[in-house]
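*Asks:* Just so it is clear, I am handing over start31.cif, which has mmCIF, C-alpha atoms.
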```
data_protein
#
loop_
_atom_site.label_atom_id
_atom_site.label_comp_id
_atom_site.auth_asym_id
_atom_site.auth_seq_id
_atom_site.Cartn_x
_atom_site.Cartn_y
_atom_site.Cartn_z
CA MET A 1 0.00 0.00 0.00
CA THR A 2 1.39 3.38 -0.98
CA PHE A 3 0.30 6.90 -0.06
CA ASP A 4 0.53 9.79 -2.47
CA LEU A 5 0.52 12.82 -0.21
CA THR A 6 1.11 16.32 -1.50
CA HIS A 7 3.87 18.36 0.10
CA PHE A 8 1.30 20.37 2.08
CA SER A 9 -0.67 17.37 3.34
CA ALA A 10 2.58 15.66 4.34
CA ALA A 11 3.61 18.82 6.22
CA LEU A 12 0.17 18.93 7.87
CA LEU A 13 0.45 15.33 9.06
CA PHE A 14 4.02 15.89 10.25
CA ALA A 15 2.97 19.00 12.17
CA LEU A 16 0.03 17.23 13.80
CA CYS A 17 2.02 14.22 15.03
CA ALA A 18 5.04 16.26 16.17
CA SER A 19 2.80 18.78 17.96
CA VAL A 20 0.98 16.04 19.87
CA VAL A 21 4.29 14.58 21.10
CA PHE A 22 5.77 18.00 21.91
CA GLY A 23 2.63 19.04 23.79
CA ILE A 24 2.52 15.89 25.92
CA THR A 25 6.22 15.73 26.68
CA GLN A 26 7.10 19.38 27.22
CA ARG A 27 4.34 20.47 29.58
CA ASN A 28 2.98 19.19 32.88
CA THR A 29 -0.76 19.79 33.00
CA PRO A 30 -3.34 18.68 30.38
CA ARG A 31 -4.41 22.28 29.78
CA ASP A 32 -0.81 23.42 29.16
CA MET A 33 -0.20 20.36 26.98
CA MET A 34 -3.10 21.28 24.69
CA ARG A 35 -2.08 24.93 24.55
CA TYR A 36 1.55 24.10 23.77
CA GLY A 37 0.54 21.47 21.19
CA ALA A 38 -1.72 24.00 19.45
CA TYR A 39 1.08 26.59 19.61
CA CYS A 40 3.58 24.19 18.01
CA PHE A 41 1.05 23.18 15.35
CA SER A 42 0.35 26.80 14.43
CA LEU A 43 4.10 27.53 14.25
CA PHE A 44 4.69 24.51 12.00
CA ILE A 45 1.86 25.43 9.65
CA GLY A 46 2.64 29.15 9.77
CA GLY A 47 6.26 28.34 8.91
CA VAL A 48 5.18 26.20 5.96
CA ILE A 49 2.88 28.93 4.60
CA ILE A 50 5.49 31.68 5.01
CA ALA A 51 8.22 29.53 3.43
CA SER A 52 5.97 28.64 0.50
CA TRP A 53 5.12 32.31 -0.15
CA LEU A 54 8.82 33.20 0.06
CA MET A 55 9.60 30.53 -2.54
CA TRP A 56 6.77 31.84 -4.72
CA PHE A 57 8.20 35.39 -4.57
CA ILE A 58 11.73 34.12 -5.30
CA LYS A 59 10.44 32.27 -8.36
CA HIS A 60 8.43 35.24 -9.67
CA MET B 1 -5.83 4.79 60.67
CA ALA B 2 -7.18 6.15 57.43
CA ASN B 3 -3.93 8.03 56.93
CA ALA B 4 -1.92 4.85 57.38
CA GLN B 5 -3.96 3.12 54.65
CA ASN B 6 -3.45 6.04 52.28
CA THR B 7 0.30 6.05 52.70
CA THR B 8 0.59 2.35 51.89
CA ALA B 9 -1.39 2.73 48.62
CA VAL B 10 1.22 4.97 46.96
CA PRO B 11 4.72 3.52 46.66
CA ALA B 12 7.24 5.78 48.34
CA LYS B 13 9.89 7.43 46.23
CA GLY B 14 12.93 5.18 46.10
CA SER B 15 11.00 2.02 46.94
CA ALA B 16 11.46 -1.20 44.94
CA ASP B 17 8.49 -0.44 42.61
CA ALA B 18 9.59 3.12 41.90
CA GLY B 19 13.18 1.96 41.42
CA SER B 20 12.41 -0.72 38.86
CA MET B 21 9.99 1.57 37.04
CA THR B 22 12.83 3.99 36.28
CA TYR B 23 14.34 1.28 34.09
CA ILE B 24 11.20 -0.42 32.82
CA ALA B 25 9.25 2.70 31.77
CA PRO B 26 11.78 4.20 29.33
CA LEU B 27 12.71 0.76 27.98
CA ALA B 28 9.07 -0.19 27.41
CA GLY B 29 8.41 3.25 25.92
CA TRP B 30 11.26 2.80 23.46
CA LEU B 31 10.31 -0.76 22.58
CA LEU B 32 6.63 0.00 21.96
CA PRO B 33 5.71 3.67 21.53
CA GLY B 34 3.47 4.91 24.36
CA LEU B 35 3.88 1.80 26.50
CA GLY B 36 6.06 3.66 29.01
CA HIS B 37 3.12 5.95 29.75
CA LEU B 38 0.50 3.20 29.62
CA ILE B 39 2.22 1.09 32.31
CA GLN B 40 2.29 4.18 34.53
CA ARG B 41 -1.47 4.64 34.05
CA ARG B 42 -1.20 7.68 31.79
CA TYR B 43 -3.60 6.07 29.36
CA ILE B 44 -4.65 9.06 27.24
CA ARG B 45 -1.08 10.31 26.86
CA GLY B 46 0.14 6.81 26.06
CA VAL B 47 -2.48 6.24 23.38
CA LEU B 48 -1.86 9.67 21.81
CA LEU B 49 1.91 9.10 21.75
CA MET B 50 1.44 5.62 20.32
CA LEU B 51 -0.87 6.93 17.60
CA SER B 52 1.46 9.77 16.67
CA VAL B 53 4.54 7.57 16.34
CA PHE B 54 2.67 4.75 14.58
CA VAL B 55 1.02 7.13 12.10
CA MET B 56 4.34 8.80 11.27
CA PHE B 57 6.17 5.50 10.93
CA PHE B 58 3.58 3.74 8.78
CA PHE B 59 2.83 6.77 6.65
CA GLY B 60 6.59 6.97 6.07
CA LEU B 61 6.59 3.37 4.93
CA GLY B 62 3.47 4.02 2.84
CA MET B 63 5.25 6.86 1.08
CA GLN B 64 7.97 4.31 0.22
CA GLY B 65 10.48 5.87 2.57
CA LYS B 66 13.76 4.16 3.33
CA VAL B 67 14.53 2.34 6.59
CA TYR B 68 18.27 2.62 7.28
CA SER B 69 20.35 -0.41 8.22
CA PHE B 70 23.30 -0.36 10.58
CA ASN B 71 26.21 1.12 8.67
CA THR B 72 29.57 2.80 9.13
CA GLY B 73 29.58 4.70 5.87
CA ASP B 74 28.14 8.13 5.16
CA LEU B 75 27.52 10.28 8.26
CA LEU B 76 23.94 11.05 7.20
CA ASP B 77 23.25 7.33 6.80
CA ILE B 78 24.60 6.67 10.31
CA LEU B 79 22.39 9.44 11.72
CA GLY B 80 19.44 8.04 9.76
CA PHE B 81 19.99 4.66 11.40
CA VAL B 82 20.21 6.28 14.86
CA GLY B 83 16.90 8.06 14.23
CA ASP B 84 15.20 4.96 12.83
CA ILE B 85 16.17 2.68 15.69
CA GLY B 86 14.43 5.07 18.08
CA SER B 87 11.18 3.47 16.92
CA GLY B 88 12.11 0.29 18.79
CA ALA B 89 10.05 -2.74 17.81
CA LEU B 90 8.63 -0.97 14.75
CA TYR B 91 12.14 -0.71 13.34
CA PHE B 92 12.91 -4.40 13.89
CA ILE B 93 9.55 -5.46 12.43
CA ALA B 94 10.11 -3.27 9.36
CA LYS B 95 13.61 -4.71 8.83
CA SER B 96 12.49 -8.29 9.35
CA MET B 97 9.62 -7.84 6.88
CA ASP B 98 11.89 -6.12 4.35
CA TRP B 99 9.80 -2.97 4.43
CA GLY B 100 11.33 0.42 3.73
CA ILE B 101 13.45 -0.39 0.71
CA GLY B 102 13.05 3.19 -0.53
CA ASN B 103 12.24 4.51 -3.99
CA ILE B 104 14.52 7.18 -5.41
CA HIS B 105 12.18 7.79 -8.36
CA ARG B 106 9.43 9.30 -6.19
CA ALA B 107 9.84 12.71 -4.54
CA VAL B 108 7.35 11.75 -1.84
CA ALA B 109 9.55 8.79 -0.85
CA ASP B 110 12.08 11.27 0.50
CA TYR B 111 9.38 12.72 2.77
CA GLY B 112 8.64 9.15 3.85
CA THR B 113 12.27 8.60 4.84
CA LYS B 114 12.15 11.72 7.01
CA PHE B 115 8.83 10.63 8.53
CA ILE B 116 10.39 7.33 9.62
CA VAL B 117 13.45 9.03 11.13
CA VAL B 118 11.34 11.62 12.96
CA ALA B 119 8.97 8.92 14.26
CA GLY B 120 12.00 7.34 15.96
CA LEU B 121 13.21 10.65 17.38
CA LEU B 122 9.74 11.50 18.73
CA ASN B 123 9.61 8.08 20.35
CA VAL B 124 12.91 8.77 22.12
CA ILE B 125 11.43 12.03 23.48
CA ALA B 126 8.37 10.08 24.65
CA ALA B 127 10.56 7.44 26.35
CA VAL B 128 12.50 10.18 28.18
CA ASP B 129 9.17 11.67 29.29
CA ALA B 130 8.14 8.25 30.65
CA TYR B 131 11.40 8.22 32.61
CA HIS B 132 10.66 11.66 34.04
CA ILE B 133 7.25 10.43 35.20
CA ALA B 134 8.86 7.35 36.76
CA ILE B 135 11.36 9.39 38.80
CA GLY B 136 8.62 11.81 39.90
CA LYS B 137 9.97 14.83 38.04
CA LYS B 138 6.69 15.07 36.17
CA GLN B 139 3.11 14.15 37.05
#
```
Rewrite the structure of this file - the entire thing - as structure tokens.

*Replies:*
Amino acid sequence: MTFDLTHFSAALLFALCASVVFGITQRNTPRDMMRYGAYCFSLFIGGVIIASWLMWFIKH
Amino acid sequence: MANAQNTTAVPAKGSADAGSMTYIAPLAGWLLPGLGHLIQRRYIRGVLLMLSVFVMFFFGLGMQGKVYSFNTGDLLDILGFVGDIGSGALYFIAKSMDWGIGNIHRAVADYGTKFIVVAGLLNVIAAVDAYHIAIGKKQ
């Protein structure tokens, strides 16, 4: 079985899994874990969007 | 009297149970992602960690990513092996089943290789967290 993910969907999946692990392992209380996981996820996705726009501007 | 019963229910820090758990929890967590948390009754955390590592590892394989073997060649290959082996049993199962051959003709296979390496690294972080719970540094 093979998966054909686009770059963005692969980045989304990567961000989700990494954020869950970071949230659980780097904070002590469930509330802080969720907040930190959401923060990491938004940074991952924000970074992807900014980098992709930068590449678009470099190309054009 | 009630106080005496309460104190016996929780193993004291440094007791035999707590002592053995400091070895068992990280080892179990490395061998099977999330198990280090599950055996310490952190069920939700354990299941979430297990899901995250499993999803990354198997999506990596599904994208035809490469599973590194032990090697003493290129530095990046050595580091790839170090990352991969962090997945514990998943790594040994993948090697024994001949999964993760890699496919250089597909761009997405390179993402898959990174997914597999990062799954191992995340599992190491989770195993260290299980150790911290076992020694009482974290709840």

*Asks:* List, as a list in words, every residue that the PyMOL selection byres ((chain A) within 7 of (chain B)) selects in the file provided.

*Replies:* Met1, Thr2, Phe3, Asp4, Cys17, Val21, Ile24, Thr25 and Asn28 of chain A

*Asks:* Find the residue from A:Leu12, A:Pro30, A:His7, A:Ser42 that sits nearest to Arg42 (chain B); use all atoms listed in the file when measuring.

*Replies:*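 Comparing A:Leu12, A:Pro30, A:His7, A:Ser42 against Arg42 (chain B), the winner is A:Pro30.
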
*Asks:* Since I can't run it myself right now, could you work out what the PyMOL selection byres ((chain B and resi 87) around 9) selects here and report it as a PDB file with C-alpha atoms, keeping the file's coordinate frame?

*Replies:*
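Output file selection.pdb is given in full below:
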```pdb
ATOM      1  CA  TRP B  30      11.260   2.800  23.460  1.00  0.00           C
ATOM      2  CA  LEU B  31      10.310  -0.760  22.580  1.00  0.00           C
ATOM      3  CA  LEU B  32       6.630   0.000  21.960  1.00  0.00           C
ATOM      4  CA  PRO B  33       5.710   3.670  21.530  1.00  0.00           C
ATOM      5  CA  VAL B  53       4.540   7.570  16.340  1.00  0.00           C
ATOM      6  CA  PHE B  54       2.670   4.750  14.580  1.00  0.00           C
ATOM      7  CA  PHE B  57       6.170   5.500  10.930  1.00  0.00           C
ATOM      8  CA  GLY B  83      16.900   8.060  14.230  1.00  0.00           C
ATOM      9  CA  ASP B  84      15.200   4.960  12.830  1.00  0.00           C
ATOM     10  CA  ILE B  85      16.170   2.680  15.690  1.00  0.00           C
ATOM     11  CA  GLY B  86      14.430   5.070  18.080  1.00  0.00           C
ATOM     12  CA  GLY B  88      12.110   0.290  18.790  1.00  0.00           C
ATOM     13  CA  ALA B  89      10.050  -2.740  17.810  1.00  0.00           C
ATOM     14  CA  LEU B  90       8.630  -0.970  14.750  1.00  0.00           C
ATOM     15  CA  TYR B  91      12.140  -0.710  13.340  1.00  0.00           C
ATOM     16  CA  PHE B  92      12.910  -4.400  13.890  1.00  0.00           C
ATOM     17  CA  ILE B 116      10.390   7.330   9.620  1.00  0.00           C
ATOM     18  CA  VAL B 117      13.450   9.030  11.130  1.00  0.00           C
ATOM     19  CA  ALA B 119       8.970   8.920  14.260  1.00  0.00           C
ATOM     20  CA  GLY B 120      12.000   7.340  15.960  1.00  0.00           C
ATOM     21  CA  LEU B 121      13.210  10.650  17.380  1.00  0.00           C
ATOM     22  CA  LEU B 122       9.740  11.500  18.730  1.00  0.00           C
ATOM     23  CA  ASN B 123       9.610   8.080  20.350  1.00  0.00           C
ATOM     24  CA  VAL B 124      12.910   8.770  22.120  1.00  0.00           C
TER      25      VAL B 124
END
```

*Asks:* Fewer than 6 positions away in the same chain doesn't count, so skip those; otherwise give me all residues within 10 Å of Ile39 (chain B), counting only C-alpha atoms, as a VMD selection string.

*Replies:* chain B and resid 21 24 to 25 28 to 29 46 130

*Asks:* Got time to write the residues from that selection, C-alpha atoms, as a PDB file, keeping the file's coordinate frame?

*Replies:*
```pdb
ATOM      1  CA  MET B  21       9.990   1.570  37.040  1.00  0.00           C
ATOM      2  CA  ILE B  24      11.200  -0.420  32.820  1.00  0.00           C
ATOM      3  CA  ALA B  25       9.250   2.700  31.770  1.00  0.00           C
ATOM      4  CA  ALA B  28       9.070  -0.190  27.410  1.00  0.00           C
ATOM      5  CA  GLY B  29       8.410   3.250  25.920  1.00  0.00           C
ATOM      6  CA  GLY B  46       0.140   6.810  26.060  1.00  0.00           C
ATOM      7  CA  ALA B 130       8.140   8.250  30.650  1.00  0.00           C
TER       8      ALA B 130
END
```

*Asks:* Give me the result of the PyMOL selection byres ((chain A and resi 48) around 12) on this file, residue by residue, as a ChimeraX atom specification.

*Replies:* /A:7-12,14-15,41-47,49-55

*Asks:* Could you tell me which of B:Ile133, B:Gly34, B:Leu79, B:Lys66 comes closest to Ile104 (chain B) if we count all atoms listed in the file?

*Replies:* B:Lys66

*Asks:* What does the distance from CA of Thr113 (chain B) to CA of Val67 (chain B) come to in Å, to one decimal?

*Replies:*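 Atom-to-atom, CA of Thr113 (chain B) and CA of Val67 (chain B) are spaced 6.9 Å apart.
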
*Asks:* With distances taken over all atoms listed in the file, which residue among B:Gly65, B:Pro26, B:Leu76, B:Asn71 lies nearest Asn103 (chain B)?

*Replies:* B:Gly65

*Asks:* Can you tell me which residues surround Thr22 (chain B) at a distance of at most 8 Å, considering only C-alpha atoms, apart from same-chain residues fewer than 6 positions away, and format the answer as an NGL selection string?

*Replies:* :B and (131 or 134-135)

*Asks:* Counting only C-alpha atoms, figure out which residue out of B:Gly136, B:Gly73, B:Gly80, B:Gly102 gets nearest to Gln40 (chain B).

*Replies:* B:Gly136

*Asks:* Any idea what the distance is between CA of Tyr43 (chain B) and CA of Thr29 (chain A)?

*Replies:*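 Calculated distance between CA of Tyr43 (chain B) and CA of Thr29 (chain A) is 14.5 Å.
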
*Asks:* Separation of CA of Trp99 (chain B) and CA of Ile78 (chain B), in Å?

*Replies:*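 Calculated distance between CA of Trp99 (chain B) and CA of Ile78 (chain B) is 18.6 Å.
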
*Asks:* Mind checking which residues fall within 10 Å of Met34 (chain A), counting only C-alpha atoms, ignoring those fewer than 3 positions away in the same chain, and posting them as JSON, numbers by chain?

*Replies:* {"A": [19, 20, 22, 23, 24, 27, 29, 30, 31, 37, 38, 39, 40]}

*Asks:* Pull C-alpha atoms from the residues just selected and write them as a compact mmCIF listing (two decimals), keeping the file's coordinate frame.

*Replies:*
```
# COMPACT_ATOMS: atom_id res chain seq x y z
CA SER A 19 2.80 18.78 17.96
CA VAL A 20 0.98 16.04 19.87
CA PHE A 22 5.77 18.00 21.91
CA GLY A 23 2.63 19.04 23.79
CA ILE A 24 2.52 15.89 25.92
CA ARG A 27 4.34 20.47 29.58
CA THR A 29 -0.76 19.79 33.00
CA PRO A 30 -3.34 18.68 30.38
CA ARG A 31 -4.41 22.28 29.78
CA GLY A 37 0.54 21.47 21.19
CA ALA A 38 -1.72 24.00 19.45
CA TYR A 39 1.08 26.59 19.61
CA CYS A 40 3.58 24.19 18.01
```
